[in-house]
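Colleague: Mind looking over this structure? Questions follow.
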Amino acid sequence: MIKKLLILIVILTSLVTKAQEKPPLVIQNGDASPYSFFGIGTLNFRGTAENRTMGGLSILSDSIHTNLSNPAAYADLKLVNYTIGFNHKELSLKTKSQSESTSVTGLNYLAISIPMGKFGAGFGLLPVTSVGYALESKADEVTRRNTGEGGLNKVFLALGYNLFKGFNIGIDASYNFGKITNRALRIDEGVQFDTQELNESDLVGFSFNFGAMYKTMISSQLQFSSAISYSPSTDLSSKNTRALQTVDFVNFGSIRVTNSIDVDVPDTDITFPSQLSVGFGIGKPRNWFVGAEFVNKQISGNNRSLDLFNLSENVVFDDITMYKLGGYYIPKYDSFSNYWSRVTYRAGIRFENLGMTINNEEINEFGISFGVGLPVRNFSNVNIGFEIGRRGTKNAGLVEETFFGGFISLSLNSKWFKKTLFD
């Protein structure tokens, strides 16, 4: 089982790598939004495809699925779980006078979770923020192009513990790392060489996430579930470099640097915002569930703490708020005669204030998601989902994004310490 999993991971990862060799925008973590220009990029959803198909709801835990959002969920695991997720997104970008389209593909997460009696542990890798944009403006005989790429990733180690029946607590510790590159190119007609400003930042830092979950039966069939998680704000160390360059264009529009002068810029500490998530729901175990969740990320008071080179002169950062509603339905989980009765059907809706006010316009995002969990052998499943939504506005010279995303994950289970009848 493990050998087959590793082979499949290698194949899927190579396919994603090839898909990113010639993207319409240079990306690292799967975004192509002009709003990733600001700060250290757009914040990625830090959860599994199972969560994402329920509007991002992350308050559920069970014995066979990994929950990447709340470390308390690891204490409910009964089987070793391997999970990997991929994402593909089609975007339509519109202003009042122009429209463009692009697409991105990326790895969402890779994790392994291990039950240990009342304890449960997990470790893995997932992207935290994404930078991937290409902006162009023209005035008189001067064309300006701004491009960016990169993002922040994390590797984590998590531990959950069942304190008493129905109540779990947990903590995960993460090492955050990444690189962000911003290029500002100026093209003057009639001038032999063009100029470019190249800014690069290498980011490192540690962060923590604390969680708790409580479940109890409130009747013979109905179960109440609740969850809370909190990530304190943390400082990231950013080693910054800047270069002023003269460039010219060679074959197929690629850029050749003819001269480069390094400019001294100070290293900085960036305050990554704290996050509080609270949710609750009700349902019949292994049959249906509906829940709601509220998330707050406190950025206000540190308006420039996420800005590496003061590139965001016309943006004010504020608290990020999210509202999520979602759930699942399983017609008959133990049906032997009808496969589709054992399928998990999921759906959800979310609304998010992205915590940015640009040109006096608040930037919001709205999404509707749905998907299925297809059971396979040994309580494993393949999860397929889709999301449609909108981000931003066409007012005040800004960009409105309409997106359609598809995502797939493998959630594979096995039992490590089997007792054998014969030696």
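Just remember, in the structure tokens the first chain shown is A, the second B, etc., residues are 1-based per chain, and ligands are 1-based in the order shown.
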Report as a ChimeraX atom specification all protein, DNA and RNA residues lying within 9 Å of Trp340 (chain A), evaluated on only C-alpha atoms, omitting residues in the same chain fewer than 2 positions from it.
Modeller: /A:330-332,335,338,342-344,374
Colleague: For region 250-259 of chain A, find every residue with an atom within 9 Å (counting only C-alpha atoms), except residues of its own chain fewer than 5 positions away, and show them as a list in words.
Modeller: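 Counting only C-alpha atoms, the residues come to Phe193, Gln196, Leu244 and Gln245 of chain A.
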Colleague: List every residue of region 212-397 of chain A that DSSP, applied to the backbone, labels as strand (DSSP E or B), and write the result as a ChimeraX atom specification.
Modeller: /A:212-217,223-231,234-249,255-263,268-272,274-284,288-298,315-317,320-329,344-358,361-375,381-392
Colleague: Among region 192-398 of chain A, which ones does DSSP place in helix (DSSP H, G or I), written as a list of chain:residue names?
Modeller: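 Put together, the selection reads A:Asn251, A:Phe252, A:Gly253, A:Tyr339, A:Trp340, A:Ser341, A:Arg377, A:Asn378, A:Phe379, A:Asn395, A:Ala396, A:Gly397.
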Colleague: I need the residue nearest Leu325 (chain A) from this list: A:Ser369, A:Asn146, A:Ser414, A:Asn182. Use only C-alpha atoms for the distance.
Modeller: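 Under the stated criterion, the closest residue is A:Ser369.
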Colleague: Determine the nearest neighbour of Asn314 (chain A) from the options A:Tyr82, A:His88, A:Asn378, A:Gly39, counting only C-alpha atoms.
Modeller: A:Gly39
Colleague: Which residues come within 8 Å of Glu90 (chain A), counting only C-alpha atoms, excluding same-chain residues fewer than 3 positions away, as a list in words?
Modeller: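 Here the qualifying residues turn out to be Ser101, Thr102, Ser103, Val104, Phe403, Phe404 and Gly405 of chain A.
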Colleague: Would you put the residues from that selection into a file with C-alpha atoms, as a PDB file, in the first residue's frame?
Modeller:
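Output file part31.pdb follows:
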```
ATOM      1  CA  SER A 101      -8.176  34.936 -18.777  1.00  0.00           C
ATOM      2  CA  THR A 102      -5.591  32.621 -17.307  1.00  0.00           C
ATOM      3  CA  SER A 103      -5.290  29.378 -15.355  1.00  0.00           C
ATOM      4  CA  VAL A 104      -3.135  27.969 -12.582  1.00  0.00           C
ATOM      5  CA  PHE A 403     -13.037  31.905 -11.042  1.00  0.00           C
ATOM      6  CA  PHE A 404     -13.929  28.267 -11.526  1.00  0.00           C
ATOM      7  CA  GLY A 405     -11.768  25.802  -9.670  1.00  0.00           C
TER       8      GLY A 405
END
```
Colleague: What's around Phe208 (chain A) at 9 Å? Count only C-alpha atoms, leave out sequence neighbours fewer than 5 positions away in its own chain, and write the answer as a PyMOL selection string.
Modeller: chain A and resi 171-174+230-234
Colleague: Taking only C-alpha atoms into account, name the residue in A:Ala227, A:Ile59, A:Leu125, A:Ile112 that is nearest to Ala212 (chain A).
Modeller: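 Closest residue, counting only C-alpha atoms: A:Ala227.
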Colleague: Which neighbours of Asn87 (chain A) fall inside 9 Å, counting only C-alpha atoms, when residues of the same chain fewer than 6 positions from it are skipped, and could you give them as a list of chain:residue names?
Modeller: A:Gly30, A:Val104, A:Thr105, A:Gly106, A:Leu107, A:Asn108, A:Gly405, A:Gly406, A:Phe407, A:Ile408, A:Ser409
Colleague: Mind pulling up the distance from CA of Leu68 (chain A) to CA of Gly124 (chain A)?
Modeller: 9.2 Å
Colleague: What's around region 70-74 of chain A at 8 Å? Count only C-alpha atoms, leave out sequence neighbours fewer than 2 positions away in its own chain, and write the answer as a short mmCIF file (atom, residue, chain, number, x, y, z; two decimals) with N, CA and C atoms, in the first residue's frame.
Modeller:
```
data_model
loop_
_atom_site.label_atom_id
_atom_site.label_comp_id
_atom_site.auth_asym_id
_atom_site.auth_seq_id
_atom_site.Cartn_x
_atom_site.Cartn_y
_atom_site.Cartn_z
N SER A 58 -14.21 23.65 8.66
CA SER A 58 -13.09 22.85 9.19
C SER A 58 -13.33 22.39 10.62
N ILE A 59 -14.60 22.22 11.01
CA ILE A 59 -14.91 21.90 12.41
C ILE A 59 -15.18 20.42 12.62
N LEU A 60 -15.06 19.61 11.54
CA LEU A 60 -15.37 18.19 11.64
C LEU A 60 -14.11 17.36 11.87
N SER A 61 -14.27 16.27 12.58
CA SER A 61 -13.20 15.28 12.73
C SER A 61 -13.83 13.90 12.72
N ASP A 62 -13.09 12.91 12.21
CA ASP A 62 -13.55 11.53 12.25
C ASP A 62 -12.34 10.61 12.31
N THR A 66 -7.90 13.34 7.61
CA THR A 66 -7.03 14.34 8.23
C THR A 66 -7.70 15.70 8.18
N ASN A 67 -7.63 16.43 9.27
CA ASN A 67 -8.09 17.81 9.33
C ASN A 67 -6.86 18.69 9.53
N LEU A 68 -6.47 19.44 8.49
CA LEU A 68 -5.26 20.25 8.55
C LEU A 68 -5.46 21.58 9.27
N ASP A 76 -8.85 11.86 17.02
CA ASP A 76 -9.97 11.00 16.64
C ASP A 76 -9.59 9.94 15.62
N LEU A 77 -8.39 10.00 15.07
CA LEU A 77 -7.98 9.06 14.03
C LEU A 77 -7.84 7.64 14.58
N SER A 113 -0.88 11.29 8.73
CA SER A 113 -1.42 11.35 10.08
C SER A 113 -1.39 9.96 10.71
N ILE A 114 -1.05 9.90 12.01
CA ILE A 114 -0.82 8.62 12.68
C ILE A 114 -1.57 8.58 14.01
N PRO A 115 -2.48 7.62 14.21
CA PRO A 115 -3.14 7.47 15.51
C PRO A 115 -2.23 6.78 16.51
N PHE A 119 -3.66 9.72 21.70
CA PHE A 119 -2.94 10.74 20.94
C PHE A 119 -3.13 10.50 19.44
N GLY A 120 -2.87 11.54 18.68
CA GLY A 120 -2.78 11.45 17.23
C GLY A 120 -1.78 12.49 16.76
N ALA A 121 -1.00 12.15 15.76
CA ALA A 121 0.04 13.06 15.28
C ALA A 121 -0.03 13.17 13.77
N GLY A 122 0.52 14.26 13.25
CA GLY A 122 0.56 14.46 11.81
C GLY A 122 1.69 15.39 11.43
N ALA A 158 2.12 18.20 14.05
CA ALA A 158 0.93 18.44 14.88
C ALA A 158 0.70 17.27 15.83
N LEU A 159 0.05 17.58 16.97
CA LEU A 159 -0.26 16.57 17.97
C LEU A 159 -1.62 16.86 18.58
N GLY A 160 -2.49 15.85 18.63
CA GLY A 160 -3.78 15.98 19.27
C GLY A 160 -3.92 14.99 20.41
N TYR A 161 -4.77 15.32 21.39
CA TYR A 161 -4.94 14.46 22.57
C TYR A 161 -6.40 14.48 23.00
N ASN A 168 -11.29 17.00 22.63
CA ASN A 168 -9.89 16.91 22.19
C ASN A 168 -9.23 18.27 22.23
N ILE A 169 -7.93 18.25 22.47
CA ILE A 169 -7.11 19.46 22.34
C ILE A 169 -5.93 19.13 21.43
N GLY A 170 -5.30 20.17 20.88
CA GLY A 170 -4.18 19.91 19.99
C GLY A 170 -3.34 21.14 19.72
N ILE A 171 -2.14 20.91 19.19
CA ILE A 171 -1.22 21.98 18.84
C ILE A 171 -0.43 21.55 17.61
N ASP A 172 -0.17 22.49 16.72
CA ASP A 172 0.79 22.21 15.65
C ASP A 172 1.83 23.32 15.61
N ASN A 209 -0.32 26.80 16.11
CA ASN A 209 -1.78 26.78 16.01
C ASN A 209 -2.32 25.87 17.11
N PHE A 210 -3.23 26.41 17.93
CA PHE A 210 -3.82 25.66 19.03
C PHE A 210 -5.29 25.37 18.72
N GLY A 211 -5.76 24.20 19.07
CA GLY A 211 -7.14 23.86 18.76
C GLY A 211 -7.81 23.03 19.83
N ALA A 212 -9.15 23.07 19.80
CA ALA A 212 -9.96 22.24 20.69
C ALA A 212 -11.25 21.87 19.95
N MET A 213 -11.75 20.66 20.21
CA MET A 213 -12.98 20.18 19.61
C MET A 213 -13.81 19.46 20.66
N ILE A 228 -12.81 25.19 18.04
CA ILE A 228 -12.15 26.50 18.10
C ILE A 228 -10.66 26.30 17.84
N SER A 229 -10.05 27.22 17.12
CA SER A 229 -8.60 27.18 16.92
C SER A 229 -8.07 28.60 16.94
#
```
Colleague: Using only C-alpha atoms, pick whichever of A:Met217, A:Val295, A:Leu198, A:Leu203 has the shortest atom-to-atom distance to Ser260 (chain A).
Modeller: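 The closest residue to Ser260 (chain A) is A:Leu198.
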Colleague: To one decimal in Å, tell me the separation between CA of Phe351 (chain A) and CA of Arg52 (chain A).
Modeller: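 Separation between CA of Phe351 (chain A) and CA of Arg52 (chain A): 13.1 Å.
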Colleague: Looking at only C-alpha atoms, which of A:Ala292, A:Leu152, A:Val278, A:Ala347 is the one that sits closest to Ile384 (chain A)?
Modeller: A:Ala347
Colleague: With distances taken over only C-alpha atoms, which of A:Thr268, A:Gln223, A:Ser380, A:Thr129 is nearest to Lys284 (chain A)?
Modeller: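 Of all the options, A:Gln223 lies closest to Lys284 (chain A).
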Colleague: At a cut-off of 10 Å, using only C-alpha atoms, what residues contact Tyr328 (chain A)? Leave out same-chain residues fewer than 4 positions from it and give the result as a PDB file with N, CA and C atoms, in the first residue's frame.
Modeller:
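Listed below is the output, around.pdb:
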```
ATOM      1  N   GLU A  50     -11.826  17.857   1.324  1.00  0.00           N
ATOM      2  CA  GLU A  50     -13.063  17.554   2.029  1.00  0.00           C
ATOM      3  C   GLU A  50     -13.620  18.797   2.707  1.00  0.00           C
ATOM      4  N   THR A  53     -14.865  21.531  -0.086  1.00  0.00           N
ATOM      5  CA  THR A  53     -16.145  21.300  -0.746  1.00  0.00           C
ATOM      6  C   THR A  53     -17.335  21.625   0.157  1.00  0.00           C
ATOM      7  N   MET A  54     -17.079  21.878   1.430  1.00  0.00           N
ATOM      8  CA  MET A  54     -18.139  22.300   2.352  1.00  0.00           C
ATOM      9  C   MET A  54     -18.009  23.787   2.680  1.00  0.00           C
ATOM     10  N   GLY A 283     -25.697  17.161  13.442  1.00  0.00           N
ATOM     11  CA  GLY A 283     -25.918  16.167  12.410  1.00  0.00           C
ATOM     12  C   GLY A 283     -26.112  14.787  12.977  1.00  0.00           C
ATOM     13  N   ARG A 286     -22.405   9.735  10.348  1.00  0.00           N
ATOM     14  CA  ARG A 286     -22.338   8.877   9.165  1.00  0.00           C
ATOM     15  C   ARG A 286     -23.545   9.019   8.249  1.00  0.00           C
ATOM     16  N   ASN A 287     -24.326  10.086   8.430  1.00  0.00           N
ATOM     17  CA  ASN A 287     -25.498  10.289   7.580  1.00  0.00           C
ATOM     18  C   ASN A 287     -25.565  11.714   7.029  1.00  0.00           C
ATOM     19  N   TRP A 288     -25.577  12.722   7.922  1.00  0.00           N
ATOM     20  CA  TRP A 288     -25.613  14.105   7.452  1.00  0.00           C
ATOM     21  C   TRP A 288     -25.061  15.036   8.521  1.00  0.00           C
ATOM     22  N   PHE A 289     -24.678  16.209   8.072  1.00  0.00           N
ATOM     23  CA  PHE A 289     -24.142  17.231   8.978  1.00  0.00           C
ATOM     24  C   PHE A 289     -24.295  18.594   8.319  1.00  0.00           C
ATOM     25  N   VAL A 290     -24.599  19.613   9.117  1.00  0.00           N
ATOM     26  CA  VAL A 290     -24.600  20.997   8.646  1.00  0.00           C
ATOM     27  C   VAL A 290     -23.983  21.865   9.736  1.00  0.00           C
ATOM     28  N   GLY A 291     -23.100  22.777   9.344  1.00  0.00           N
ATOM     29  CA  GLY A 291     -22.406  23.599  10.329  1.00  0.00           C
ATOM     30  C   GLY A 291     -22.062  24.973   9.801  1.00  0.00           C
ATOM     31  N   THR A 344     -20.068  10.228  -0.250  1.00  0.00           N
ATOM     32  CA  THR A 344     -20.307  11.426   0.553  1.00  0.00           C
ATOM     33  C   THR A 344     -20.521  12.613  -0.375  1.00  0.00           C
ATOM     34  N   TYR A 345     -21.679  13.262  -0.247  1.00  0.00           N
ATOM     35  CA  TYR A 345     -22.012  14.433  -1.062  1.00  0.00           C
ATOM     36  C   TYR A 345     -21.842  15.681  -0.192  1.00  0.00           C
ATOM     37  N   ARG A 346     -21.026  16.618  -0.653  1.00  0.00           N
ATOM     38  CA  ARG A 346     -20.699  17.801   0.146  1.00  0.00           C
ATOM     39  C   ARG A 346     -21.027  19.083  -0.620  1.00  0.00           C
ATOM     40  N   ALA A 347     -21.362  20.136   0.120  1.00  0.00           N
ATOM     41  CA  ALA A 347     -21.630  21.443  -0.498  1.00  0.00           C
ATOM     42  C   ALA A 347     -21.461  22.525   0.559  1.00  0.00           C
ATOM     43  N   GLY A 348     -21.174  23.746   0.104  1.00  0.00           N
ATOM     44  CA  GLY A 348     -21.013  24.847   1.041  1.00  0.00           C
ATOM     45  C   GLY A 348     -20.950  26.183   0.350  1.00  0.00           C
ATOM     46  N   PHE A 370     -18.898  22.482  -4.080  1.00  0.00           N
ATOM     47  CA  PHE A 370     -19.619  21.225  -3.983  1.00  0.00           C
ATOM     48  C   PHE A 370     -18.685  20.114  -4.450  1.00  0.00           C
ATOM     49  N   GLY A 371     -18.975  18.893  -4.041  1.00  0.00           N
ATOM     50  CA  GLY A 371     -18.110  17.789  -4.435  1.00  0.00           C
ATOM     51  C   GLY A 371     -18.568  16.470  -3.851  1.00  0.00           C
ATOM     52  N   VAL A 372     -17.796  15.430  -4.137  1.00  0.00           N
ATOM     53  CA  VAL A 372     -18.124  14.089  -3.672  1.00  0.00           C
ATOM     54  C   VAL A 372     -16.883  13.418  -3.106  1.00  0.00           C
ATOM     55  N   GLY A 373     -17.099  12.527  -2.155  1.00  0.00           N
ATOM     56  CA  GLY A 373     -16.062  11.655  -1.647  1.00  0.00           C
ATOM     57  C   GLY A 373     -16.366  10.238  -2.091  1.00  0.00           C
TER      58      GLY A 373
END
```
